[in-house]
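Visitor: Mind having a look at this structure? Questions to follow.
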Amino acid sequence: MPGSSALDVLTEDLLVRVREKIGDELDSKTWRLVCKEFSRVDSVTRTTLRVLRVEFLFILLDKYPYIKTLDLSVCPRVNDGTVSFLLSQLSLSWTRSLKSLILSRSTGLRYRGLEMLARACPLLESVDLSYCCGFGDREAAALSFASGLKEVKLDKCLNVTDVGLAKIAVRCVNLERLSLKWCMEISDLGIDLLCKKCLDLKSLDVSYLKLTNDSFCSIATLAKLESLVMVGCPCVDDTGLRFLESGCPLLKTIFVSRCKFVSSTGLISVIRGHSGLLQLDAGHCFSELSTTLLHHMRDLKNLEAITMDGARISDSCFQTISFNCKSLVEIGLSKCLGVTNTGITQLVSGCVNLKTIDLTCCHSITDDAISAIADSCRGLVCLKIESCNMITEKGLYQLGSFCLRLEEIDLTDCNGVNDKGLEYLSRCSELLFLKLGLCENISDKGLFYIASNCLRIQGLDLYK
């Protein structure tokens, strides 16, 4: 029929299903520009909205009434007045479907606006208030009116104390994920109440808090806890970790890096009670990977990620890991002493599924180790070899030949790398991030190879 379009035969249901298959933001923008019908379908199916400028917020919320995630982290001008106007002047349909609210760095918002949002969004499950440094107990109390919350991020909310945490713990009893990183006013008292009230907690981050071993006695009572992050806790020692040995039966992930009073003895306690661990980060905790710790690591058959940054490690350690941890996909060995070509060769011979390897400042590594990695770990995605000066074009040739899924590589201060090496590396067409800082033998010619073949590149570091 004259004037009709092929799109007329497509039902709305079919268009919705097509739109749901589009994930990339640029592709979504192209979809909206095709025609008015596509734009209308986009408005009723869009579930995530990231607002860049506050003056467009009102129009966008009116246009997309069914969003589930609202990101205002790059709108620092959002304040209590903005929220008040939103809730009084616009249709409130967007509040009825909202489940996730990202307010990271929204320093203009205070407890009045936060309480209005908490009360207006009945389905709200997740709120991110990280890096709102001025937030305190009033804001925590306001947030607690969203009693259905399951996830809360309060990273670096410096004025939140045990009082504010108590408000959240008492009212939000269904909480499953909580991050308190750098909330320096939180003490053992607040953590104890949290563990008594929020029994469904699955993930807890208490990094850099001045908690004592008493807190970990309380944390050990959380029967559903799967992930515990306690980076840089200066007052915790092996006694605190021993409480975890007989507690937290579902624990799968633990980060204890930079806890200066934690030793391999405490880590052994955790391993004894949790042979099903999937992720273990003990970077900069002890000077040497002990024989006893290695003996117990044999039980971690399902381990997927391990970080041992800063420790002295021998070739026999790699042999043990290779033989027992076949499921390993990530290993961190940054600034480890004793890492050799032989050790790396032994490691990758058994851990062929490795996708991320960090060998930063492992100065003894040469092209032989890189060749072994490239030959065994064909699915490698990320390789960090900063300051490994003995890596040359030969190693990059192997990576460019076998590791075609490589997305990130750090070659900072690798003075053995030259333009020919970058030509070989450019065969990794999936490359997204490349660091070449302080590489004295790189010229425009090498960068041309990368620019011509790695069309997906998003980050290139060339600092001198």
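Simple scheme: letters A, B, ... for chains in structure tokens order, numbers from 1 for residues in each chain, numbers from 1 for ligands in the order shown.
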Within 8 Å of region 125-133 of chain A, counting only C-alpha atoms, which residues qualify if same-chain residues fewer than 4 places away don't, as a list in words?
Guide: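 Once the nearby chain positions are removed, what remains is Lys99, Ser100, Leu101, Ile102, Leu103, Ser104, Arg105, Ser106, Thr107, Ala146, Gly148, Leu149, Lys150, Glu151, Val152, Lys153, Leu154, Asp155, Lys156, Cys157, Leu158 and Asn159 of chain A.
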Visitor: Please produce a file of the residues just selected, as a PDB file, in the first residue's frame, where the atoms kept are N, CA and C atoms.
Guide:
```pdb
ATOM      1  N   LYS A  99      13.880   0.694  41.801  1.00  0.00           N
ATOM      2  CA  LYS A  99      14.457  -0.274  42.730  1.00  0.00           C
ATOM      3  C   LYS A  99      15.869   0.086  43.166  1.00  0.00           C
ATOM      4  N   SER A 100      16.591   0.812  42.317  1.00  0.00           N
ATOM      5  CA  SER A 100      17.984   1.147  42.610  1.00  0.00           C
ATOM      6  C   SER A 100      18.232   2.636  42.408  1.00  0.00           C
ATOM      7  N   LEU A 101      18.863   3.267  43.405  1.00  0.00           N
ATOM      8  CA  LEU A 101      19.128   4.705  43.370  1.00  0.00           C
ATOM      9  C   LEU A 101      20.611   4.938  43.644  1.00  0.00           C
ATOM     10  N   ILE A 102      21.297   5.547  42.684  1.00  0.00           N
ATOM     11  CA  ILE A 102      22.734   5.811  42.820  1.00  0.00           C
ATOM     12  C   ILE A 102      22.940   7.297  43.063  1.00  0.00           C
ATOM     13  N   LEU A 103      23.363   7.636  44.287  1.00  0.00           N
ATOM     14  CA  LEU A 103      23.549   9.027  44.694  1.00  0.00           C
ATOM     15  C   LEU A 103      25.001   9.288  45.099  1.00  0.00           C
ATOM     16  N   SER A 104      25.906   8.461  44.607  1.00  0.00           N
ATOM     17  CA  SER A 104      27.314   8.622  44.939  1.00  0.00           C
ATOM     18  C   SER A 104      27.800  10.037  44.607  1.00  0.00           C
ATOM     19  N   ARG A 105      28.477  10.662  45.592  1.00  0.00           N
ATOM     20  CA  ARG A 105      29.035  12.020  45.458  1.00  0.00           C
ATOM     21  C   ARG A 105      27.964  13.103  45.315  1.00  0.00           C
ATOM     22  N   SER A 106      26.736  12.813  45.665  1.00  0.00           N
ATOM     23  CA  SER A 106      25.668  13.824  45.626  1.00  0.00           C
ATOM     24  C   SER A 106      25.729  14.659  46.903  1.00  0.00           C
ATOM     25  N   THR A 107      26.719  15.516  46.965  1.00  0.00           N
ATOM     26  CA  THR A 107      26.999  16.260  48.199  1.00  0.00           C
ATOM     27  C   THR A 107      25.951  17.321  48.519  1.00  0.00           C
ATOM     28  N   ALA A 146      13.311   3.626  53.984  1.00  0.00           N
ATOM     29  CA  ALA A 146      13.144   2.655  52.893  1.00  0.00           C
ATOM     30  C   ALA A 146      13.373   1.265  53.486  1.00  0.00           C
ATOM     31  N   GLY A 148      12.536  -1.641  52.844  1.00  0.00           N
ATOM     32  CA  GLY A 148      12.728  -2.811  51.988  1.00  0.00           C
ATOM     33  C   GLY A 148      14.119  -2.921  51.411  1.00  0.00           C
ATOM     34  N   LEU A 149      15.030  -2.078  51.866  1.00  0.00           N
ATOM     35  CA  LEU A 149      16.388  -2.069  51.313  1.00  0.00           C
ATOM     36  C   LEU A 149      17.093  -3.412  51.492  1.00  0.00           C
ATOM     37  N   LYS A 150      17.789  -3.812  50.423  1.00  0.00           N
ATOM     38  CA  LYS A 150      18.602  -5.032  50.469  1.00  0.00           C
ATOM     39  C   LYS A 150      20.083  -4.742  50.276  1.00  0.00           C
ATOM     40  N   GLU A 151      20.386  -3.564  49.709  1.00  0.00           N
ATOM     41  CA  GLU A 151      21.783  -3.206  49.462  1.00  0.00           C
ATOM     42  C   GLU A 151      22.009  -1.730  49.767  1.00  0.00           C
ATOM     43  N   VAL A 152      23.040  -1.437  50.549  1.00  0.00           N
ATOM     44  CA  VAL A 152      23.385  -0.061  50.909  1.00  0.00           C
ATOM     45  C   VAL A 152      24.897   0.116  50.839  1.00  0.00           C
ATOM     46  N   LYS A 153      25.333   1.188  50.168  1.00  0.00           N
ATOM     47  CA  LYS A 153      26.749   1.540  50.122  1.00  0.00           C
ATOM     48  C   LYS A 153      26.940   2.887  50.810  1.00  0.00           C
ATOM     49  N   LEU A 154      27.738   2.881  51.863  1.00  0.00           N
ATOM     50  CA  LEU A 154      28.002   4.100  52.623  1.00  0.00           C
ATOM     51  C   LEU A 154      29.498   4.429  52.641  1.00  0.00           C
ATOM     52  N   ASP A 155      30.230   3.982  51.629  1.00  0.00           N
ATOM     53  CA  ASP A 155      31.674   4.204  51.601  1.00  0.00           C
ATOM     54  C   ASP A 155      32.020   5.678  51.805  1.00  0.00           C
ATOM     55  N   LYS A 156      32.886   5.938  52.762  1.00  0.00           N
ATOM     56  CA  LYS A 156      33.413   7.266  53.073  1.00  0.00           C
ATOM     57  C   LYS A 156      32.332   8.267  53.471  1.00  0.00           C
ATOM     58  N   CYS A 157      31.257   7.793  54.061  1.00  0.00           N
ATOM     59  CA  CYS A 157      30.302   8.691  54.728  1.00  0.00           C
ATOM     60  C   CYS A 157      30.880   8.915  56.129  1.00  0.00           C
ATOM     61  N   LEU A 158      31.734   9.902  56.225  1.00  0.00           N
ATOM     62  CA  LEU A 158      32.637  10.021  57.374  1.00  0.00           C
ATOM     63  C   LEU A 158      31.947  10.324  58.696  1.00  0.00           C
ATOM     64  N   ASN A 159      30.737  10.868  58.647  1.00  0.00           N
ATOM     65  CA  ASN A 159      30.070  11.275  59.885  1.00  0.00           C
ATOM     66  C   ASN A 159      29.025  10.273  60.378  1.00  0.00           C
TER      67      ASN A 159
END
```
Visitor: Would you please extract all strand (DSSP E or B) residues from region 97-279 of chain A, as assigned by DSSP on the backbone, and give them as number ranges by chain?
Guide: A: 100-102, 126-128, 136, 151-153, 159, 161, 177-179, 185, 203-205, 227-229, 237, 253-255, 261, 279
Visitor: Give one line per residue of region 156-186 of chain A that approaches region 223-227 of chain A to at most 12 Å, naming the two atoms of the closest pair and their distance in Å to one decimal, counting only C-alpha atoms; sort by chain then ascending residue number and deliver it as JSON lines.
Guide:
```
{"residue": "A:Leu175", "atom": "CA", "partner": "A:Lys224", "partner_atom": "CA", "distance": 11.4}
{"residue": "A:Glu176", "atom": "CA", "partner": "A:Leu225", "partner_atom": "CA", "distance": 8.6}
{"residue": "A:Arg177", "atom": "CA", "partner": "A:Ser227", "partner_atom": "CA", "distance": 9.1}
{"residue": "A:Leu178", "atom": "CA", "partner": "A:Ser227", "partner_atom": "CA", "distance": 10.4}
{"residue": "A:Ser179", "atom": "CA", "partner": "A:Ser227", "partner_atom": "CA", "distance": 11.0}
```
Visitor: Those residues you just picked out, can you put them in a file as a PDB file, in the first residue's frame with all heavy atoms?
Guide:
```pdb
ATOM      1  N   LEU A 175      18.271  -6.447  54.901  1.00  0.00           N
ATOM      2  CA  LEU A 175      19.529  -6.053  54.272  1.00  0.00           C
ATOM      3  C   LEU A 175      20.393  -7.277  53.954  1.00  0.00           C
ATOM      4  O   LEU A 175      20.588  -8.139  54.798  1.00  0.00           O
ATOM      5  CB  LEU A 175      20.277  -5.106  55.208  1.00  0.00           C
ATOM      6  CG  LEU A 175      21.249  -4.099  54.585  1.00  0.00           C
ATOM      7  CD1 LEU A 175      20.542  -3.182  53.604  1.00  0.00           C
ATOM      8  CD2 LEU A 175      21.936  -3.285  55.669  1.00  0.00           C
ATOM      9  N   GLU A 176      20.909  -7.310  52.701  1.00  0.00           N
ATOM     10  CA  GLU A 176      21.757  -8.423  52.271  1.00  0.00           C
ATOM     11  C   GLU A 176      23.176  -7.996  51.957  1.00  0.00           C
ATOM     12  O   GLU A 176      24.108  -8.796  52.104  1.00  0.00           O
ATOM     13  CB  GLU A 176      21.144  -9.094  51.029  1.00  0.00           C
ATOM     14  CG  GLU A 176      19.796  -9.756  51.292  1.00  0.00           C
ATOM     15  CD  GLU A 176      19.228 -10.415  50.050  1.00  0.00           C
ATOM     16  OE1 GLU A 176      19.891 -10.336  48.988  1.00  0.00           O
ATOM     17  OE2 GLU A 176      18.137 -10.995  50.128  1.00  0.00           O
ATOM     18  N   ARG A 177      23.358  -6.740  51.526  1.00  0.00           N
ATOM     19  CA  ARG A 177      24.681  -6.260  51.131  1.00  0.00           C
ATOM     20  C   ARG A 177      24.913  -4.880  51.752  1.00  0.00           C
ATOM     21  O   ARG A 177      24.102  -3.977  51.558  1.00  0.00           O
ATOM     22  CB  ARG A 177      24.820  -6.178  49.612  1.00  0.00           C
ATOM     23  CG  ARG A 177      24.485  -7.478  48.894  1.00  0.00           C
ATOM     24  CD  ARG A 177      24.600  -7.352  47.386  1.00  0.00           C
ATOM     25  NE  ARG A 177      25.987  -7.136  46.989  1.00  0.00           N
ATOM     26  CZ  ARG A 177      26.861  -8.109  46.803  1.00  0.00           C
ATOM     27  NH1 ARG A 177      26.490  -9.376  46.973  1.00  0.00           N
ATOM     28  NH2 ARG A 177      28.100  -7.848  46.458  1.00  0.00           N
ATOM     29  N   LEU A 178      26.020  -4.726  52.465  1.00  0.00           N
ATOM     30  CA  LEU A 178      26.313  -3.458  53.137  1.00  0.00           C
ATOM     31  C   LEU A 178      27.805  -3.162  53.053  1.00  0.00           C
ATOM     32  O   LEU A 178      28.639  -4.002  53.372  1.00  0.00           O
ATOM     33  CB  LEU A 178      25.894  -3.528  54.610  1.00  0.00           C
ATOM     34  CG  LEU A 178      26.201  -2.286  55.471  1.00  0.00           C
ATOM     35  CD1 LEU A 178      25.448  -1.061  54.959  1.00  0.00           C
ATOM     36  CD2 LEU A 178      25.861  -2.557  56.926  1.00  0.00           C
ATOM     37  N   SER A 179      28.115  -1.939  52.605  1.00  0.00           N
ATOM     38  CA  SER A 179      29.511  -1.503  52.539  1.00  0.00           C
ATOM     39  C   SER A 179      29.699  -0.288  53.434  1.00  0.00           C
ATOM     40  O   SER A 179      29.038   0.734  53.260  1.00  0.00           O
ATOM     41  CB  SER A 179      29.908  -1.163  51.097  1.00  0.00           C
ATOM     42  OG  SER A 179      31.266  -0.773  51.036  1.00  0.00           O
TER      43      SER A 179
END
```
Visitor: Between A:Leu33, A:Val231, A:Val206, A:Leu425, single out the one closest to Asn453 (chain A), counting only C-alpha atoms.
Guide: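 Under the stated criterion, the closest residue is A:Leu425.
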Visitor: For region 362-368 of chain A, please output as number ranges by chain all residues within 7 Å (counting only C-alpha atoms; exclusion window: fewer than 6 positions along the same chain).
Guide: A: 334-336, 339-341, 387-392, 394-395
Visitor: Which residues are close to Glu139 (chain A), i.e. within 7 Å by only C-alpha atoms, leaving aside same-chain residues fewer than 5 positions away? Reply as a PyMOL selection string.
Guide: chain A and resi 110-111+114
Visitor: Mind writing the picked residues with N, CA and C atoms as a compact mmCIF listing (two decimals), in the first residue's frame?
Guide:
```txt
# COMPACT_ATOMS: atom_id res chain seq x y z
N ARG A 110 20.69 16.26 51.33
CA ARG A 110 20.77 16.07 52.77
C ARG A 110 19.59 15.23 53.25
N TYR A 111 19.42 15.15 54.56
CA TYR A 111 18.50 14.18 55.13
C TYR A 111 17.04 14.42 54.72
N LEU A 114 16.61 13.05 51.19
CA LEU A 114 16.80 11.60 51.24
C LEU A 114 15.57 10.92 51.85
```
Visitor: Identify, with DSSP run on backbone atoms, the residues in region 328-374 of chain A assigned to alpha helix (DSSP H), and express the list as a list of chain:residue names.
Guide: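 After running DSSP on the backbone, region 328-374 of chain A has alpha helix (DSSP H) at A:Asn341, A:Thr342, A:Gly343, A:Ile344, A:Thr345, A:Gln346, A:Leu347, A:Val348, A:Ser349, A:Gly350, A:Asp367, A:Asp368, A:Ala369, A:Ile370, A:Ser371, A:Ala372, A:Ile373, A:Ala374.
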Visitor: Report, in Å to a single decimal, how far apart CA of Val236 (chain A) and CA of Asp162 (chain A) are.
Guide: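 Result for CA of Asp162 (chain A) versus CA of Val236 (chain A): 18.9 Å, one decimal.
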Visitor: Thr161 (chain A): which residues within 6 Å, counting only C-alpha atoms, same-chain residues fewer than 2 positions away excluded, as a list in words?
Guide: Val163, Gly164, Glu185 and Ile186 of chain A
Visitor: Would you mind reading off the distance between CA of Phe85 (chain A) and CA of Gly136 (chain A), one decimal, in Å?
Guide: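 Answer for the CA of Phe85 (chain A) to CA of Gly136 (chain A) separation: 23.9 Å.
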